[in-house]
Every structure is written in structure tokens, then in C-alpha cells.
Amino acid sequence: MRILVIGGAGNIGALIARRLAARGHAVAVGFGRDAAKLEAVAKEARGTVASDLPAAARDAEVVVLAVPWGAAKPALDACGDLLGKVIWDCTNPLLPDLSGLSIGTTDSGGEQVARWVPGARVVKAVPPFADLMAAAPPDAPLTPAGLPPPAVFVCADDAAARGTVLALAADLGAGAVDAGPLAVARCTEPVGLLLIKLGYAQGLGPMIGAPLLRYAETP
Ligand SMILES: NC(=O)c1ccc[n+]([C@@H]2O[C@H](COP(=O)([O-])OP(=O)(O)OC[C@H]3O[C@@H](n4cnc5c(N)ncnc54)[C@H](OP(=O)(O)O)[C@@H]3O)[C@@H](O)[C@H]2O)c1
């Protein structure tokens, strides 16, 4: 697929670009203040730098939003018309000091993104920690043999768009889980915060993830 990664030079954006390119996707990266970093990621992913963001967004089949929450709206605005576009929202809607979520319980970052880009097909799916993704070669499994991959919970109201991101999350090497409509992001976004708390406040470090294990098939 043709994928535009907004924040493509960032911690997680660069790894998404690298892993999806290794699976044969055509990757463009854009939106960052360091042109050299964007160039380096594009080169590694055998892709392009999206210097004209609206044109790149028009051309992309999926636009990946991988910027800090505070930059999410400006980044979407910079993409121009996103009507009908699949937007893969990877953000954790964190407070600036990372102490909690700036939105939640009765609303979610994913739903806020959908309100910012009416008519776009927004999919919420927070990827695994960048450190975990960086530790494995781009075409190798994310976790050592015998250990299940971290889950990525995929929420969207548009079933086709959800299916597209489920496949891309699997291409990242994650355990892609269909979590249903976009409003379920109210439940999945706090999982990202839990992992941040465990990794950084509780000292487990960033080489962690939360796999979903099923102990029996649905009766
Ligand atoms: N890192 C992880 O492990 C991880 C895992 C799952 C989800 N996430 C979520 O993914 C998102 C990105 O995280 P990250 O760690 O990759 O962040 P990051 O590296 O700090 O930033 C991502 C990109 O956004 C760009 N950016 C930030 N503010 C900008 C602004 N005002 N104008 C233009 N460009 C701006 C940065 O460009 P510059 O190079 O110019 O700064 C960078 O390329 C966050 O919402 C995070 O919660 C992260």
C-alpha cells in the first residue's frame, strides 16, 4: 500500500516506516522540523520525503498519525483535505508532563481526531513501544521465539478501514486485535498509559508489551 507517515522521523514513526517498507509497502514520511532526519528515514525505507504534505496525503492510501498529542491537530491541518482517507491514529493523548491522559473515559483521542477531520476514516491503534520495535531487524518477529507479540488494539467505525489497519499492525509484527468501533479507544488508550507507567514509573523499562492471550476458543 501507499503509506504516508506523519511524524515519520520520530521515535515510532521511523520504525513504522522501516517495518512497513520491509513488508513491501511504499512509504513516504513527512511533518518534522529536521529535514535531514526525514531524508535519512526515507532513504532507509527506500521511500520519499513528503515535502508537499497535502499532495502526499492525497496520494496515500493510509495516513499514519505518529506525532506527540500536542502536535496532532496542526499535523492533520497541514495535510489538507483528508475526506474519505484512512487515518491510522497512533498517538497516546498524553498530558504534556506524561502524568495522565488529557482525554478519556467518556471520550478518547481517537474520537477527537475524528472530530478534527470530519469525513476521514479514523482508526485508533497504538503501536508497541519503539524500543521493542527497534530491537528486532525490520523483517524479524518483534519478540523472541515462544513469546507472544504485544497486542495492538484496532478500533474504527469503518470496518474496511479497520481491516486495513489490522493488516498493517500485523505487518509491524504486532498481535493485531479487532477491538470494534472507534469509541472502544476510550478503553484501549489507557492501556498505552498503563504501559508507560509500568515502563517508566515502575521501572520495568520500555522492552514490554501487553499481549492478548485466549485460553479457549469462543464456544
Ligand atoms: N515512542 C513510542 O514508543 C510510542 C509508542 C506508541 C505510541 N506512541 C505515540 O506516537 C506519537 C509519537 O511518539 P514519538 O515518541 O515518535 O514522538 P517524537 O519522536 O517526539 O515525535 C514524532 C515526530 O513528530 C514531530 N513533531 C513533534 N512536534 C512537532 C511540531 N510541533 N512540528 C512539527 N513536527 C513535530 C517530530 O519532529 P522533530 O524531529 O522536528 O521533533 C518527530 O518527527 C505520540 O503520540 C506517542 O504517544 C509512541
# chains A, B, ... in the order shown; residues from 1 in each chain; ligands from 1
$ residues_around --residues "Ile196 of chain A" --least-positions-apart "3" --cutoff "12 Å" --atoms "only C-alpha atoms" --output "PyMOL selection string"
chain A and resi 92+94+98-101+128-130+189-193+199-210
$ write_last_selection --atoms "N, CA and C atoms" --output "PDB file, in the first residue's frame"
ATOM      1  N   ASN A  92      -0.724   8.511  21.760  1.00  0.00           N
ATOM      2  CA  ASN A  92      -1.201   8.453  23.134  1.00  0.00           C
ATOM      3  C   ASN A  92      -1.591   9.887  23.476  1.00  0.00           C
ATOM      4  N   LEU A  94      -1.500  12.099  25.649  1.00  0.00           N
ATOM      5  CA  LEU A  94      -0.915  12.323  26.979  1.00  0.00           C
ATOM      6  C   LEU A  94      -0.942  13.794  27.366  1.00  0.00           C
ATOM      7  N   LEU A  98       3.205  13.925  30.894  1.00  0.00           N
ATOM      8  CA  LEU A  98       3.058  12.461  30.815  1.00  0.00           C
ATOM      9  C   LEU A  98       2.397  11.850  32.058  1.00  0.00           C
ATOM     10  N   SER A  99       1.822  12.698  32.927  1.00  0.00           N
ATOM     11  CA  SER A  99       1.266  12.174  34.179  1.00  0.00           C
ATOM     12  C   SER A  99      -0.071  11.479  33.983  1.00  0.00           C
ATOM     13  N   GLY A 100      -0.717  11.716  32.864  1.00  0.00           N
ATOM     14  CA  GLY A 100      -2.024  11.107  32.637  1.00  0.00           C
ATOM     15  C   GLY A 100      -2.489  11.376  31.221  1.00  0.00           C
ATOM     16  N   LEU A 101      -3.734  11.007  30.938  1.00  0.00           N
ATOM     17  CA  LEU A 101      -4.317  11.261  29.629  1.00  0.00           C
ATOM     18  C   LEU A 101      -5.045  12.601  29.658  1.00  0.00           C
ATOM     19  N   PRO A 128       3.225  -0.850  19.419  1.00  0.00           N
ATOM     20  CA  PRO A 128       4.086  -1.231  20.557  1.00  0.00           C
ATOM     21  C   PRO A 128       5.139  -0.159  20.808  1.00  0.00           C
ATOM     22  N   PHE A 129       5.822  -0.257  21.956  1.00  0.00           N
ATOM     23  CA  PHE A 129       6.899   0.679  22.276  1.00  0.00           C
ATOM     24  C   PHE A 129       7.963   0.664  21.176  1.00  0.00           C
ATOM     25  N   ALA A 130       8.484   1.858  20.895  1.00  0.00           N
ATOM     26  CA  ALA A 130       9.517   1.993  19.869  1.00  0.00           C
ATOM     27  C   ALA A 130      10.755   1.148  20.204  1.00  0.00           C
ATOM     28  N   GLU A 189      -6.884   3.276  24.891  1.00  0.00           N
ATOM     29  CA  GLU A 189      -5.856   4.298  25.113  1.00  0.00           C
ATOM     30  C   GLU A 189      -5.274   4.232  26.535  1.00  0.00           C
ATOM     31  N   PRO A 190      -6.097   3.957  27.566  1.00  0.00           N
ATOM     32  CA  PRO A 190      -5.497   3.814  28.900  1.00  0.00           C
ATOM     33  C   PRO A 190      -4.506   2.650  29.007  1.00  0.00           C
ATOM     34  N   VAL A 191      -4.607   1.653  28.118  1.00  0.00           N
ATOM     35  CA  VAL A 191      -3.625   0.563  28.138  1.00  0.00           C
ATOM     36  C   VAL A 191      -2.240   1.128  27.790  1.00  0.00           C
ATOM     37  N   GLY A 192      -2.219   2.067  26.842  1.00  0.00           N
ATOM     38  CA  GLY A 192      -0.948   2.716  26.496  1.00  0.00           C
ATOM     39  C   GLY A 192      -0.367   3.454  27.688  1.00  0.00           C
ATOM     40  N   LEU A 193      -1.228   4.160  28.413  1.00  0.00           N
ATOM     41  CA  LEU A 193      -0.760   4.887  29.603  1.00  0.00           C
ATOM     42  C   LEU A 193      -0.274   3.911  30.669  1.00  0.00           C
ATOM     43  N   GLY A 199       6.504   0.994  32.480  1.00  0.00           N
ATOM     44  CA  GLY A 199       7.841   1.072  31.903  1.00  0.00           C
ATOM     45  C   GLY A 199       8.699   2.119  32.574  1.00  0.00           C
ATOM     46  N   TYR A 200       8.120   3.309  32.822  1.00  0.00           N
ATOM     47  CA  TYR A 200       8.948   4.434  33.250  1.00  0.00           C
ATOM     48  C   TYR A 200       8.801   4.778  34.723  1.00  0.00           C
ATOM     49  N   ALA A 201       7.587   4.636  35.326  1.00  0.00           N
ATOM     50  CA  ALA A 201       7.445   4.962  36.750  1.00  0.00           C
ATOM     51  C   ALA A 201       7.770   3.743  37.614  1.00  0.00           C
ATOM     52  N   GLN A 202       7.388   2.571  37.149  1.00  0.00           N
ATOM     53  CA  GLN A 202       7.611   1.358  37.935  1.00  0.00           C
ATOM     54  C   GLN A 202       8.931   0.671  37.603  1.00  0.00           C
ATOM     55  N   GLY A 203       9.626   1.208  36.610  1.00  0.00           N
ATOM     56  CA  GLY A 203      10.983   0.732  36.341  1.00  0.00           C
ATOM     57  C   GLY A 203      11.103  -0.535  35.526  1.00  0.00           C
ATOM     58  N   LEU A 204      10.004  -0.958  34.875  1.00  0.00           N
ATOM     59  CA  LEU A 204      10.123  -2.171  34.045  1.00  0.00           C
ATOM     60  C   LEU A 204      10.871  -1.910  32.743  1.00  0.00           C
ATOM     61  N   GLY A 205      10.988  -0.637  32.376  1.00  0.00           N
ATOM     62  CA  GLY A 205      11.675  -0.309  31.139  1.00  0.00           C
ATOM     63  C   GLY A 205      10.755  -0.466  29.933  1.00  0.00           C
ATOM     64  N   PRO A 206      11.258  -0.034  28.764  1.00  0.00           N
ATOM     65  CA  PRO A 206      10.385   0.002  27.586  1.00  0.00           C
ATOM     66  C   PRO A 206      10.339  -1.297  26.771  1.00  0.00           C
ATOM     67  N   MET A 207      11.067  -2.336  27.216  1.00  0.00           N
ATOM     68  CA  MET A 207      11.014  -3.601  26.452  1.00  0.00           C
ATOM     69  C   MET A 207       9.841  -4.444  26.957  1.00  0.00           C
ATOM     70  N   ILE A 208       8.669  -3.818  27.005  1.00  0.00           N
ATOM     71  CA  ILE A 208       7.472  -4.515  27.480  1.00  0.00           C
ATOM     72  C   ILE A 208       6.338  -4.307  26.483  1.00  0.00           C
ATOM     73  N   GLY A 209       5.342  -5.160  26.590  1.00  0.00           N
ATOM     74  CA  GLY A 209       4.136  -5.021  25.782  1.00  0.00           C
ATOM     75  C   GLY A 209       3.055  -5.814  26.461  1.00  0.00           C
ATOM     76  N   ALA A 210       1.826  -5.649  26.006  1.00  0.00           N
ATOM     77  CA  ALA A 210       0.702  -6.371  26.616  1.00  0.00           C
ATOM     78  C   ALA A 210       0.069  -7.272  25.564  1.00  0.00           C
TER      79      ALA A 210
END
$ residues_near_ligand --ligand "ligand 1" --cutoff "7 Å" --atoms "only C-alpha atoms and all ligand atoms" --output "PDB file with C-alpha atoms, in the first residue's frame"
ATOM      1  CA  GLY A   7       5.997  12.357  12.157  1.00  0.00           C
ATOM      2  CA  GLY A   8       7.922   9.818  10.114  1.00  0.00           C
ATOM      3  CA  ALA A   9      11.288  10.881  11.555  1.00  0.00           C
ATOM      4  CA  GLY A  10      10.121  10.374  15.136  1.00  0.00           C
ATOM      5  CA  ASN A  11      10.806   7.509  17.526  1.00  0.00           C
ATOM      6  CA  ILE A  12       7.802   5.452  16.491  1.00  0.00           C
ATOM      7  CA  GLY A  13       7.161   6.932  13.028  1.00  0.00           C
ATOM      8  CA  PHE A  31       5.966  16.637   9.086  1.00  0.00           C
ATOM      9  CA  GLY A  32       9.051  17.298  11.157  1.00  0.00           C
ATOM     10  CA  ARG A  33      11.380  20.183  11.878  1.00  0.00           C
ATOM     11  CA  ASP A  34      14.538  18.280  10.948  1.00  0.00           C
ATOM     12  CA  LYS A  37      16.161  13.182   9.759  1.00  0.00           C
ATOM     13  CA  ALA A  66       2.627   9.482  14.673  1.00  0.00           C
ATOM     14  CA  VAL A  67       3.284  12.804  16.410  1.00  0.00           C
ATOM     15  CA  PRO A  68       3.033  13.899  20.057  1.00  0.00           C
ATOM     16  CA  TRP A  69      -0.576  14.623  21.039  1.00  0.00           C
ATOM     17  CA  ALA A  71       1.129  18.349  17.525  1.00  0.00           C
ATOM     18  CA  CYS A  90      -1.008   6.017  16.724  1.00  0.00           C
ATOM     19  CA  THR A  91      -0.997   8.741  19.382  1.00  0.00           C
ATOM     20  CA  ASN A  92      -1.201   8.453  23.134  1.00  0.00           C
ATOM     21  CA  PRO A  93      -3.254  11.545  24.090  1.00  0.00           C
ATOM     22  CA  LEU A  94      -0.915  12.323  26.979  1.00  0.00           C
ATOM     23  CA  VAL A 126      -1.457   2.486  19.392  1.00  0.00           C
ATOM     24  CA  PRO A 127       1.645   0.597  18.253  1.00  0.00           C
ATOM     25  CA  PRO A 128       4.086  -1.231  20.557  1.00  0.00           C
ATOM     26  CA  PHE A 129       6.899   0.679  22.276  1.00  0.00           C
ATOM     27  CA  ALA A 130       9.517   1.993  19.869  1.00  0.00           C
ATOM     28  CA  ASP A 131      12.340   0.331  21.875  1.00  0.00           C
TER      29      ASP A 131
END
$ select_by_dssp --residues "segment 4-219 of chain A" --states "strand (DSSP E or B)" --output "VMD selection string"
chain A and resid 4 to 6 26 to 30 48 to 49 62 to 65 86 to 89 94 101 121 to 124 151 to 156 175 to 180
$ residues_around --residues "segment 155-159 of chain A" --least-positions-apart "6" --cutoff "9 Å" --atoms "only C-alpha atoms" --output "ChimeraX atom specification"
/A:110,121-125,177-185,188
$ closest_atom_pairs --of "segment 117-206 of chain A" --to "segment 74-77 of chain A" --cutoff "12 Å" --atoms "only C-alpha atoms" --output "CSV"
residue,atom,partner,partner_atom,distance
A:Val117,CA,A:Leu76,CA,7.5
A:Pro118,CA,A:Leu76,CA,11.3
A:Ala120,CA,A:Leu76,CA,10.8
A:Val122,CA,A:Leu76,CA,11.7
$ write_last_selection --atoms "N, CA and C atoms" --output "PDB file, in the first residue's frame"
ATOM      1  N   VAL A 117     -11.073  15.807  11.758  1.00  0.00           N
ATOM      2  CA  VAL A 117     -11.048  15.536  10.305  1.00  0.00           C
ATOM      3  C   VAL A 117     -12.363  14.869   9.904  1.00  0.00           C
ATOM      4  N   PRO A 118     -13.465  15.613   9.917  1.00  0.00           N
ATOM      5  CA  PRO A 118     -14.751  15.013   9.601  1.00  0.00           C
ATOM      6  C   PRO A 118     -14.721  14.398   8.198  1.00  0.00           C
ATOM      7  N   ALA A 120     -13.080  11.750   7.381  1.00  0.00           N
ATOM      8  CA  ALA A 120     -11.966  10.802   7.266  1.00  0.00           C
ATOM      9  C   ALA A 120     -12.352   9.509   7.981  1.00  0.00           C
ATOM     10  N   VAL A 122     -11.160   7.293  10.485  1.00  0.00           N
ATOM     11  CA  VAL A 122     -10.133   7.263  11.530  1.00  0.00           C
ATOM     12  C   VAL A 122     -10.102   5.902  12.219  1.00  0.00           C
TER      13      VAL A 122
END
$ residues_around --residues "Glu61 of chain A" --least-positions-apart "5" --cutoff "10 Å" --atoms "only C-alpha atoms" --output "ChimeraX atom specification"
/A:1-4,56,84-87,164
$ closest_residue --among "A:Glu217, A:Asp139, A:Asp52, A:Asp97" --to "Gly80 of chain A" --atoms "only C-alpha atoms"
A:Asp52
$ closest_residue --among "A:Ile6, A:Ala50, A:Ile16, A:Val41" --to "Ala72 of chain A" --atoms "only C-alpha atoms"
A:Ile6
$ atom_distance --atom1 "atom CA of Ala42 of chain A" --atom2 "atom CA of Ala22 of chain A"
12.4 Å
$ atom_distance --atom1 "atom CA of Ala135 of chain A" --atom2 "atom CA of Leu20 of chain A"
15.6 Å
$ closest_residue --among "A:Val49, A:Ala134, A:Val152, A:Ala28" --to "Ala170 of chain A" --atoms "only C-alpha atoms"
A:Val152
$ select_by_dssp --residues "segment 27-218 of chain A" --states "helix (DSSP H, G or I)" --output "ChimeraX atom specification"
/A:35-44,53-59,69-78,109-116,130-135,159-172,182-201
$ atom_distance --atom1 "atom CA of Ala160 of chain A" --atom2 "atom CA of Leu132 of chain A"
28.3 Å
$ closest_residue --among "A:Ala140, A:Ala40, A:Leu212, A:Val113" --to "Gly175 of chain A" --atoms "only C-alpha atoms"
A:Leu212
$ closest_residue --among "A:Arg18, A:Arg186, A:Arg46, A:Arg214" --to "Gln112 of chain A" --atoms "only C-alpha atoms"
A:Arg186
$ residues_around --residues "Arg58 of chain A" --least-positions-apart "3" --cutoff "8 Å" --atoms "only C-alpha atoms" --output "VMD selection string"
chain A and resid 54 to 55 81 to 82
$ write_last_selection --atoms "N, CA and C atoms" --output "tab-separated table (two decimals), in the first residue's frame"
chain	number	residue	atom	x	y	z
A	54	PRO	N	-0.03	18.01	1.57
A	54	PRO	CA	-1.36	17.74	1.02
A	54	PRO	C	-1.32	16.83	-0.21
A	55	ALA	N	-0.31	17.00	-1.07
A	55	ALA	CA	-0.22	16.14	-2.26
A	55	ALA	C	0.09	14.70	-1.85
A	81	ASP	N	-7.03	18.38	2.75
A	81	ASP	CA	-8.31	17.64	2.70
A	81	ASP	C	-8.08	16.15	2.93
A	82	LEU	N	-8.68	15.61	3.97
A	82	LEU	CA	-8.49	14.18	4.29
A	82	LEU	C	-9.81	13.42	4.15
$ decode --residues "segment 97-137 of chain A" --atoms "C-alpha atoms" --output "JSON list (two decimals), in the first residue's frame"
[["chain", "number", "residue", "atom", "x", "y", "z"],
["A", 97, "ASP", "CA", 4.08, 16.09, 31.65],
["A", 98, "LEU", "CA", 3.06, 12.46, 30.82],
["A", 99, "SER", "CA", 1.27, 12.17, 34.18],
["A", 100, "GLY", "CA", -2.02, 11.11, 32.64],
["A", 101, "LEU", "CA", -4.32, 11.26, 29.63],
["A", 102, "SER", "CA", -5.66, 14.61, 28.51],
["A", 103, "ILE", "CA", -8.87, 12.97, 27.33],
["A", 104, "GLY", "CA", -10.63, 9.76, 28.27],
["A", 105, "THR", "CA", -13.32, 7.69, 29.96],
["A", 106, "THR", "CA", -16.25, 9.28, 28.15],
["A", 107, "ASP", "CA", -14.23, 10.32, 25.11],
["A", 108, "SER", "CA", -10.92, 9.40, 23.51],
["A", 109, "GLY", "CA", -8.08, 10.79, 21.47],
["A", 110, "GLY", "CA", -9.26, 8.69, 18.52],
["A", 111, "GLU", "CA", -12.72, 10.25, 18.64],
["A", 112, "GLN", "CA", -11.17, 13.73, 18.96],
["A", 113, "VAL", "CA", -9.07, 13.05, 15.86],
["A", 114, "ALA", "CA", -12.24, 12.01, 14.02],
["A", 115, "ARG", "CA", -13.90, 15.31, 15.00],
["A", 116, "TRP", "CA", -10.85, 17.22, 13.73],
["A", 117, "VAL", "CA", -11.05, 15.54, 10.31],
["A", 118, "PRO", "CA", -14.75, 15.01, 9.60],
["A", 119, "GLY", "CA", -15.30, 12.57, 6.76],
["A", 120, "ALA", "CA", -11.97, 10.80, 7.27],
["A", 121, "ARG", "CA", -11.97, 7.11, 8.21],
["A", 122, "VAL", "CA", -10.13, 7.26, 11.53],
["A", 123, "VAL", "CA", -8.66, 4.11, 13.03],
["A", 124, "LYS", "CA", -7.19, 4.12, 16.54],
["A", 125, "ALA", "CA", -4.38, 1.64, 17.09],
["A", 126, "VAL", "CA", -1.46, 2.49, 19.39],
["A", 127, "PRO", "CA", 1.64, 0.60, 18.25],
["A", 128, "PRO", "CA", 4.09, -1.23, 20.56],
["A", 129, "PHE", "CA", 6.90, 0.68, 22.28],
["A", 130, "ALA", "CA", 9.52, 1.99, 19.87],
["A", 131, "ASP", "CA", 12.34, 0.33, 21.87],
["A", 132, "LEU", "CA", 10.74, -3.08, 21.33],
["A", 133, "MET", "CA", 10.35, -2.42, 17.62],
["A", 134, "ALA", "CA", 13.90, -1.10, 17.30],
["A", 135, "ALA", "CA", 15.41, -4.16, 18.96],
["A", 136, "ALA", "CA", 14.46, -6.54, 16.13],
["A", 137, "PRO", "CA", 15.51, -6.30, 12.48]]
